[in-house]
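Heads up, the thing below is written out as structure tokens.
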Amino acid sequence: MPSEIVEEYLEAIFKLGSEGRDVGLSRLAEHLKVTPASVSETVRRMEAQGLVRYQGRGRGRGPAADSRSGGGHRHGRPSDDEPQSLRKGVTLTAKGERLARTLVRRHRLSERFLTDMLGMDWEKAHQEACKLEHALSPETEGRLADLLGNPDTCPHGHPIPDADGRIRERKLKKLSECGEDERGCIDRVEEEEPQMLQYLSSLGLLPEVEVEVKEVAPFNGPLLVKAGGAQYALGREVASKIWLRKK
Amino acid sequence: MKEFEEVSRLRERTDHLIALIGNPNVGKSTLFNRLTGMGVLTANYPGMTVGVNLGETEFAGERIGVLDLPGTYALGAVSEDQLVARRGILEAAPDVVVIILDATNLARNLYLLLQVLDLEVPAVAALNLVDEAERQGTRTDLEQLYELLGIPVVATVATRGDGLDRLMKEALELAHSPREFFPVPFYYAADIEKHVREIAAEAGRSGIKIPYGVPSRALALLLLERDEEFTGLVRGREEASGLLALVERKREEIRREHGNDAAVVIARERYGIAGSIVEAVQQRGRGEKASWGERMWEYTTDPRSGLLILAAVLVAVFAALFFGGDLLARLFGELWATLAAGPLERAVRALLGEGVLGTAVKWGLVDGVEAALSVAVPYVFTFYIILALLEDTGYLNSVAFLTDRVMHHLGLHGRAVIPLITAAGCNVPAVMGTRVLSTRRERIIASTLIVLIPCSARTAVIIGGVSRYAGWGYALLLYLILFLLVTLVGLTLNRLLPGEPSGLVMEVFPFRRPAAITVLKKTWVRFKDFVFVATPIMLGGSFLLGLLYGSGWVFKLEAPLRPVMEWWLGIPAVAGLALIFAFLRKELALQLLVVFATGTATASIGGFMAPRQIFIFALVNAVYIPCAATFAVLWKEMGWRVTLAVSAATVLLALLMGGLANLVS
């Protein structure tokens, strides 16, 4: 059984990794609020335990850039879709990944419990869950899940892995690839241009908003999309930044 | 406040100042026009082209100044509309903000209302388009809406003027007792509010001067959203470094917690509140069958019928310009000639004689005004009416949708169609209109293309010169060549300039019947801008020409032009002179040609220039260097580099094409 510190690391690497970016030591240090020196020490220990792999700077550069520009995979596409070894920085081994998913499941279940059952606010629930996740036994975890009715997501909307550590795959599709009359829920909007993101937000083209494609102009023309009470013409390149979750 | 003098003056001569704000197309302008009638002023912030309309009205014996802020979806800094609307509230500090809500799309409209309330300004809501909403089967519980918002809410139908009296009454009441304004406070998610409180406290501690004196909560929200203007204003100050560092930490934290940018998270919170309000106050109907307006949208955006309609509309626009403009041109020309020109000319001659100065003044005053009346005014005015009609029916939206893909090849998106069409009227407002485009790259491409699009002055040369003396076939060929040129230049620039075209995002409205008063007002406001920019240059330019002509210097310039004009372009050197002076006003090219023709005693252009020469002349005139007014506005909008580069490139292009035409023909 790994130590609580190692568990925190596993969780952090899993979370940062599933954002689709490389997990460097400095990012990890920043996220865990510890010094880079102690990160490097712990990572080495974890490597020895067969939980992570570490690729330092300068190796595997080209392919890593590819996996980044792929974008669009926060939780929709599980990160094991990607060849992990091609990533730069710290990556989880199969064993590490399994452990991490269990922890994430316990954390998110605890959050649900604290907010839904005990009425705690999100911030507080998150802090408490950080402590609880390390203490739950598989049995408590199972009963908690049953009590909560096996929820899919935590209060923040992140997916809760199932008992086998699988994240129920949700079908994500770029809005630009949808045909007429297709509908779905916006899962996320890629954030390359903050101005565009803010503008789309003010129009109500936000995550969790339902949209319907009304018209698709031929020859790669724009899409006419219905959202809220209004219709918007969106150019292809804008629509390709919007990920839809199909029902 | 100095930069916004019109508003302060309006404030001084009225008892109260109210500002109208609302989403685009909610009937805000209709409401404004209903309230204020025809006497409208526009005020522009320095460096901004989106104007604020000012009007006055009287209610219950009090004079009320009304600001019509640009239609906007949000009070951010993302577009110029948003910035101007926000400044209209923060800087002009109206006594009451009247926010106009669209009952058919209440949630998105409440989003703006929540932003207004975050700024803690006294506000009254007008729920407009209630008739439209009822037709769709949506009823709104006003009592409940008032309960939830805590601000006065009045149902209105602006097109009929329903509810306006009550609206004004509520607004005035609030203006009289601003202290009795108790909106329901809205809170976002607990963790966001906690971050906001911390940032607000830090802002207070740091002792920075808070931009526009907004409440510290609003400042904290704006900084969290990374609002460009506010972040920029705060960043300049040394004492703010701690504050900005805190904001960055909080943004990171929010991203970690919510998995999204803080701006998105806050927007989601606002939409969450707006959505729950709508749920409480509205019963949504099923929505009726496709209306006339929606069917029109379908026809106009369908690739087959849409292109046909577009072609038909363009033909109609040119026909209207051709006939309508021509009619007005003759009318104004005749009127001026018979009523004013004669006496004025005699007066000038009597006062200044027939010397150099007399000639110059006569050219500037008499001929300059006549040129303005017979070329600029009729064509530009006609064009603006057409433009307002196209805009107000919603047809330009369809065109933007239809042409988005094509425009993409030129490095632009669908919305750029609007300034490009404007350019056919006058390049000056078109260059200003490129502000609807979001990136500098797009603005450079669009401005360059605009300069190449024949404005009404060049159209006057083409129609009045080429079509008249060389036949309409030549005129058509010329338009075709210019069209190809614009396309080629767009394709090339899109290849050459670094970067990518950005995307189209535009709300689409069903077609509507335009209101005559709004169309006229819009036309007038734009036309006035044109007159103020262009007329001084026209008169000054004519004066200068008169000076050169009267002193005889003009013909001394002829000799050095000979090689280029006669050998390379194959046109008389004197026509080259006309081209050079046409920098001042493009239609001068034709007028000077007439004058020179008279001077060489051939009486008409046809007498000393062959059709092909007139064609080359008009081609060069259409392409080479933007006119002085366009040059000036380009300089102001895009900087000297772009202006000089575009000018040099167009001169080269014009010479190249003119020379080629000379070789081929």
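Starting from 1 in every chain, residues are counted up; chains themselves are A, B, ... following the order of the structure tokens, and ligands are numbered from 1 as listed.
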
Requested in this report: Please provide the set of residues having any atom within 10 Å of Phe59 (chain B), restricted to only C-alpha atoms, with same-chain residues fewer than 4 positions apart removed, written as a ChimeraX atom specification.
Outcome: /B:35,63-64,165,168-169,172

Expected file: the selected residues, N, CA and C atoms, as a PDB file, in the first residue's frame:
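Resulting contents of result_20.pdb:
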ATOM      1  N   LEU B  35     -38.926  57.572 -28.229  1.00  0.00           N
ATOM      2  CA  LEU B  35     -38.786  58.512 -27.125  1.00  0.00           C
ATOM      3  C   LEU B  35     -38.326  59.883 -27.580  1.00  0.00           C
ATOM      4  N   ARG B  63     -37.035  67.689 -18.509  1.00  0.00           N
ATOM      5  CA  ARG B  63     -36.261  67.382 -19.714  1.00  0.00           C
ATOM      6  C   ARG B  63     -35.328  66.218 -19.422  1.00  0.00           C
ATOM      7  N   ILE B  64     -35.357  65.272 -20.319  1.00  0.00           N
ATOM      8  CA  ILE B  64     -34.573  64.065 -20.080  1.00  0.00           C
ATOM      9  C   ILE B  64     -33.646  63.821 -21.263  1.00  0.00           C
ATOM     10  N   ASP B 165     -44.717  55.008 -21.498  1.00  0.00           N
ATOM     11  CA  ASP B 165     -45.021  55.981 -20.448  1.00  0.00           C
ATOM     12  C   ASP B 165     -44.682  55.425 -19.068  1.00  0.00           C
ATOM     13  N   MET B 168     -40.949  55.313 -18.583  1.00  0.00           N
ATOM     14  CA  MET B 168     -40.367  56.612 -18.265  1.00  0.00           C
ATOM     15  C   MET B 168     -40.705  57.013 -16.839  1.00  0.00           C
ATOM     16  N   LYS B 169     -41.918  56.668 -16.428  1.00  0.00           N
ATOM     17  CA  LYS B 169     -42.335  57.017 -15.074  1.00  0.00           C
ATOM     18  C   LYS B 169     -41.442  56.310 -14.044  1.00  0.00           C
ATOM     19  N   LEU B 172     -37.953  57.827 -14.102  1.00  0.00           N
ATOM     20  CA  LEU B 172     -37.891  59.135 -13.450  1.00  0.00           C
ATOM     21  C   LEU B 172     -37.965  58.996 -11.935  1.00  0.00           C
TER      22      LEU B 172
END

Residue hits in chain A, query chain B, radius 8 Å, only C-alpha atoms, as a PDB file with N, CA and C atoms, in the first residue's frame:
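Output contents, as saved in selection_13.pdb:
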ATOM      1  N   ASP A 121     -20.106  23.201   1.441  1.00  0.00           N
ATOM      2  CA  ASP A 121     -19.852  23.873   0.165  1.00  0.00           C
ATOM      3  C   ASP A 121     -18.692  23.207  -0.572  1.00  0.00           C
ATOM      4  N   TRP A 122     -18.600  23.476  -1.863  1.00  0.00           N
ATOM      5  CA  TRP A 122     -17.672  22.749  -2.732  1.00  0.00           C
ATOM      6  C   TRP A 122     -16.229  22.827  -2.275  1.00  0.00           C
ATOM      7  N   GLU A 123     -15.844  24.026  -1.923  1.00  0.00           N
ATOM      8  CA  GLU A 123     -14.455  24.268  -1.544  1.00  0.00           C
ATOM      9  C   GLU A 123     -14.090  23.399  -0.342  1.00  0.00           C
ATOM     10  N   HIS A 156     -18.237  19.106  -9.355  1.00  0.00           N
ATOM     11  CA  HIS A 156     -17.675  20.010 -10.362  1.00  0.00           C
ATOM     12  C   HIS A 156     -17.953  19.525 -11.774  1.00  0.00           C
ATOM     13  N   GLY A 157     -18.549  18.344 -11.873  1.00  0.00           N
ATOM     14  CA  GLY A 157     -18.871  17.827 -13.201  1.00  0.00           C
ATOM     15  C   GLY A 157     -17.809  16.908 -13.766  1.00  0.00           C
ATOM     16  N   GLN A 195     -10.223  35.943 -26.019  1.00  0.00           N
ATOM     17  CA  GLN A 195     -11.260  36.882 -26.439  1.00  0.00           C
ATOM     18  C   GLN A 195     -12.465  36.134 -27.015  1.00  0.00           C
ATOM     19  N   MET A 196     -12.150  35.153 -27.871  1.00  0.00           N
ATOM     20  CA  MET A 196     -13.213  34.377 -28.502  1.00  0.00           C
ATOM     21  C   MET A 196     -13.982  33.597 -27.438  1.00  0.00           C
ATOM     22  N   LEU A 197     -13.229  33.067 -26.495  1.00  0.00           N
ATOM     23  CA  LEU A 197     -13.855  32.291 -25.426  1.00  0.00           C
ATOM     24  C   LEU A 197     -14.822  33.173 -24.630  1.00  0.00           C
ATOM     25  N   GLN A 198     -14.382  34.375 -24.314  1.00  0.00           N
ATOM     26  CA  GLN A 198     -15.243  35.279 -23.548  1.00  0.00           C
ATOM     27  C   GLN A 198     -16.476  35.667 -24.353  1.00  0.00           C
ATOM     28  N   TYR A 199     -16.251  35.874 -25.650  1.00  0.00           N
ATOM     29  CA  TYR A 199     -17.380  36.276 -26.487  1.00  0.00           C
ATOM     30  C   TYR A 199     -18.410  35.149 -26.567  1.00  0.00           C
ATOM     31  N   SER A 201     -18.841  32.831 -24.454  1.00  0.00           N
ATOM     32  CA  SER A 201     -19.461  32.694 -23.138  1.00  0.00           C
ATOM     33  C   SER A 201     -20.590  33.696 -22.966  1.00  0.00           C
ATOM     34  N   SER A 202     -20.342  34.934 -23.397  1.00  0.00           N
ATOM     35  CA  SER A 202     -21.375  35.948 -23.189  1.00  0.00           C
ATOM     36  C   SER A 202     -22.606  35.650 -24.030  1.00  0.00           C
ATOM     37  N   LEU A 203     -22.426  34.913 -25.123  1.00  0.00           N
ATOM     38  CA  LEU A 203     -23.581  34.536 -25.933  1.00  0.00           C
ATOM     39  C   LEU A 203     -24.285  33.318 -25.341  1.00  0.00           C
ATOM     40  N   GLY A 204     -23.690  32.727 -24.332  1.00  0.00           N
ATOM     41  CA  GLY A 204     -24.305  31.553 -23.725  1.00  0.00           C
ATOM     42  C   GLY A 204     -23.859  30.263 -24.390  1.00  0.00           C
ATOM     43  N   LEU A 206     -21.733  27.899 -23.767  1.00  0.00           N
ATOM     44  CA  LEU A 206     -20.944  27.520 -22.605  1.00  0.00           C
ATOM     45  C   LEU A 206     -21.037  26.021 -22.381  1.00  0.00           C
ATOM     46  N   PRO A 207     -20.105  25.469 -21.633  1.00  0.00           N
ATOM     47  CA  PRO A 207     -20.244  24.063 -21.265  1.00  0.00           C
ATOM     48  C   PRO A 207     -21.595  23.804 -20.594  1.00  0.00           C
ATOM     49  N   ALA A 217     -23.877  24.971 -43.976  1.00  0.00           N
ATOM     50  CA  ALA A 217     -23.643  25.474 -45.320  1.00  0.00           C
ATOM     51  C   ALA A 217     -22.678  24.538 -46.032  1.00  0.00           C
ATOM     52  N   PRO A 218     -22.910  24.271 -47.309  1.00  0.00           N
ATOM     53  CA  PRO A 218     -22.045  23.325 -48.023  1.00  0.00           C
ATOM     54  C   PRO A 218     -20.651  23.906 -48.243  1.00  0.00           C
ATOM     55  N   PHE A 219     -19.784  23.101 -48.806  1.00  0.00           N
ATOM     56  CA  PHE A 219     -18.398  23.495 -49.090  1.00  0.00           C
ATOM     57  C   PHE A 219     -17.731  24.037 -47.843  1.00  0.00           C
ATOM     58  N   ASN A 220     -17.900  23.335 -46.720  1.00  0.00           N
ATOM     59  CA  ASN A 220     -17.225  23.776 -45.510  1.00  0.00           C
ATOM     60  C   ASN A 220     -17.645  25.148 -45.030  1.00  0.00           C
ATOM     61  N   GLY A 221     -18.854  25.518 -45.349  1.00  0.00           N
ATOM     62  CA  GLY A 221     -19.345  26.815 -44.909  1.00  0.00           C
ATOM     63  C   GLY A 221     -19.696  26.801 -43.438  1.00  0.00           C
ATOM     64  N   PRO A 222     -20.233  27.907 -42.956  1.00  0.00           N
ATOM     65  CA  PRO A 222     -20.548  28.000 -41.532  1.00  0.00           C
ATOM     66  C   PRO A 222     -21.741  27.138 -41.132  1.00  0.00           C
ATOM     67  N   GLY A 228     -29.964  28.133 -26.481  1.00  0.00           N
ATOM     68  CA  GLY A 228     -30.812  29.034 -25.720  1.00  0.00           C
ATOM     69  C   GLY A 228     -31.963  29.421 -26.617  1.00  0.00           C
ATOM     70  N   GLY A 229     -32.371  30.668 -26.601  1.00  0.00           N
ATOM     71  CA  GLY A 229     -33.483  31.061 -27.449  1.00  0.00           C
ATOM     72  C   GLY A 229     -33.036  31.640 -28.770  1.00  0.00           C
ATOM     73  N   ALA A 230     -31.761  31.534 -29.117  1.00  0.00           N
ATOM     74  CA  ALA A 230     -31.278  32.260 -30.286  1.00  0.00           C
ATOM     75  C   ALA A 230     -30.529  31.353 -31.244  1.00  0.00           C
ATOM     76  N   GLN A 231     -30.270  31.888 -32.427  1.00  0.00           N
ATOM     77  CA  GLN A 231     -29.511  31.147 -33.424  1.00  0.00           C
ATOM     78  C   GLN A 231     -28.239  31.907 -33.751  1.00  0.00           C
ATOM     79  N   TYR A 232     -27.167  31.151 -33.936  1.00  0.00           N
ATOM     80  CA  TYR A 232     -25.888  31.771 -34.225  1.00  0.00           C
ATOM     81  C   TYR A 232     -25.272  31.144 -35.455  1.00  0.00           C
ATOM     82  N   ALA A 233     -24.655  31.974 -36.266  1.00  0.00           N
ATOM     83  CA  ALA A 233     -23.854  31.457 -37.370  1.00  0.00           C
ATOM     84  C   ALA A 233     -22.441  31.320 -36.850  1.00  0.00           C
ATOM     85  N   LEU A 234     -21.893  30.124 -36.950  1.00  0.00           N
ATOM     86  CA  LEU A 234     -20.536  29.891 -36.477  1.00  0.00           C
ATOM     87  C   LEU A 234     -19.691  29.386 -37.631  1.00  0.00           C
ATOM     88  N   GLY A 235     -18.562  30.044 -37.843  1.00  0.00           N
ATOM     89  CA  GLY A 235     -17.650  29.582 -38.876  1.00  0.00           C
ATOM     90  C   GLY A 235     -17.083  28.222 -38.484  1.00  0.00           C
ATOM     91  N   ARG A 236     -16.576  27.495 -39.475  1.00  0.00           N
ATOM     92  CA  ARG A 236     -16.044  26.157 -39.215  1.00  0.00           C
ATOM     93  C   ARG A 236     -14.978  26.142 -38.136  1.00  0.00           C
ATOM     94  N   GLU A 237     -14.045  27.107 -38.266  1.00  0.00           N
ATOM     95  CA  GLU A 237     -12.914  27.045 -37.338  1.00  0.00           C
ATOM     96  C   GLU A 237     -13.366  27.311 -35.909  1.00  0.00           C
ATOM     97  N   VAL A 238     -14.411  28.124 -35.743  1.00  0.00           N
ATOM     98  CA  VAL A 238     -14.944  28.338 -34.393  1.00  0.00           C
ATOM     99  C   VAL A 238     -15.640  27.066 -33.925  1.00  0.00           C
TER     100      VAL A 238
END

Report task. List the neighbours of region 9-16 of chain A out to 9 Å using only C-alpha atoms; skip same-chain residues closer than 6 positions along the sequence, and give me the result as a PyMOL selection string. Result -> chain A and resi 22-23+27-28+31-32+39+42-43+51-52+79+90-92+96-97+99-101+103-104

Query raised in the report: Which neighbours of Thr643 (chain B) fall inside 7 Å, counting only C-alpha atoms, when residues of the same chain fewer than 4 positions from it are skipped, and could you give them as number ranges by chain?
Result: B: 631, 634-635, 638-639, 647

For C-alpha atoms, I'd like the residues from the last selection saved as a PDB file, in the first residue's frame.
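Written out: part-v1.pdb:
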ATOM      1  CA  PHE B 631      -5.549  57.926 -47.061  1.00  0.00           C
ATOM      2  CA  LEU B 634      -6.275  54.614 -43.215  1.00  0.00           C
ATOM      3  CA  TRP B 635      -3.438  56.427 -41.526  1.00  0.00           C
ATOM      4  CA  MET B 638      -4.057  51.335 -39.419  1.00  0.00           C
ATOM      5  CA  GLY B 639      -0.897  53.428 -38.938  1.00  0.00           C
ATOM      6  CA  SER B 647      -0.532  53.274 -51.375  1.00  0.00           C
TER       7      SER B 647
END

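With distances restricted to only C-alpha atoms, B:Glu637 is the closest residue to Ser447 (chain B) from B:Asp81, B:Glu637, B:Glu134, B:Asp118.
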
Report task. Using only C-alpha atoms, determine which residues lie at most 7 Å from Pro36 (chain A), disregarding the query and same-chain residues fewer than 4 positions distant; provide the list as a ChimeraX atom specification. Result -> /A:25-26,29,40

Dump as an mmCIF file, in the first residue's frame, selection limited to C-alpha atoms:
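Final output, saved to result.cif:
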data_model
loop_
_atom_site.group_PDB
_atom_site.id
_atom_site.type_symbol
_atom_site.label_atom_id
_atom_site.label_comp_id
_atom_site.auth_asym_id
_atom_site.auth_seq_id
_atom_site.Cartn_x
_atom_site.Cartn_y
_atom_site.Cartn_z
ATOM 1 C CA LEU A 25 8.287 18.256 -12.465
ATOM 2 C CA SER A 26 7.830 21.976 -12.009
ATOM 3 C CA ALA A 29 5.594 20.921 -7.723
ATOM 4 C CA SER A 40 12.102 14.958 -8.004
#

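Put simply, CA of Leu148 (chain A) is 25.3 Å away from CA of Glu4 (chain A).
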
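Nearest to Leu175 (chain A) of all the residues A:Ala129, A:Glu191, A:Leu136, A:Leu244 is A:Leu244, based on only C-alpha atoms.
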
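CA of Pro429 (chain B) lies 21.5 Å from CA of Leu485 (chain B).
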
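Secondary structure by DSSP on the backbone puts the following residues of region 144-239 of chain A in helix (DSSP H, G or I): A:Leu144, A:Ala145, A:Asp146, A:Leu147, A:Leu175, A:Ser176, A:Glu177, A:Pro194, A:Gln195, A:Met196, A:Leu197, A:Gln198, A:Tyr199, A:Leu200, A:Ser201, A:Ser202, A:Arg236, A:Glu237, A:Val238, A:Ala239.
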
Report task. Would you please extract all strand (DSSP E or B) residues from region 404-539 of chain B, as assigned by DSSP on the backbone, and give them as number ranges by chain? Result -> B: 505-508

Just write the chosen residues, C-alpha atoms, as a tab-separated table (two decimals), in the first residue's frame.
chain	number	residue	atom	x	y	z
B	505	VAL	CA	-19.59	34.21	-34.75
B	506	MET	CA	-22.76	36.12	-35.35
B	507	GLU	CA	-26.25	36.02	-34.05
B	508	VAL	CA	-28.80	35.37	-36.73

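Proximity ranking of A:Asp164, A:Glu212, A:Glu193, A:Glu141 relative to Ser176 (chain A) places A:Glu212 first, based on only C-alpha atoms.
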
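From CA of Met120 (chain A) back to CA of Ser18 (chain A), the distance works out to 26.8 Å.
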
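Neighbours of Gln282 (chain B) closer than or equal to 6 Å, with only C-alpha atoms counted and sequence neighbours fewer than 4 positions away skipped, come out as Arg139, Thr140 and Val278 of chain B.
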
For the residues in that selection, give me N, CA and C atoms as a PDB file, in the first residue's frame.
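Below you can see selection-v3.pdb, which holds the result:
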ATOM      1  N   ARG B 139     -45.309  33.203 -21.983  1.00  0.00           N
ATOM      2  CA  ARG B 139     -45.853  34.244 -21.110  1.00  0.00           C
ATOM      3  C   ARG B 139     -44.867  34.511 -19.983  1.00  0.00           C
ATOM      4  N   THR B 140     -44.789  35.767 -19.590  1.00  0.00           N
ATOM      5  CA  THR B 140     -43.853  36.115 -18.534  1.00  0.00           C
ATOM      6  C   THR B 140     -44.620  36.658 -17.334  1.00  0.00           C
ATOM      7  N   VAL B 278     -35.501  32.654 -15.386  1.00  0.00           N
ATOM      8  CA  VAL B 278     -36.402  32.407 -16.510  1.00  0.00           C
ATOM      9  C   VAL B 278     -37.355  31.259 -16.186  1.00  0.00           C
TER      10      VAL B 278
END
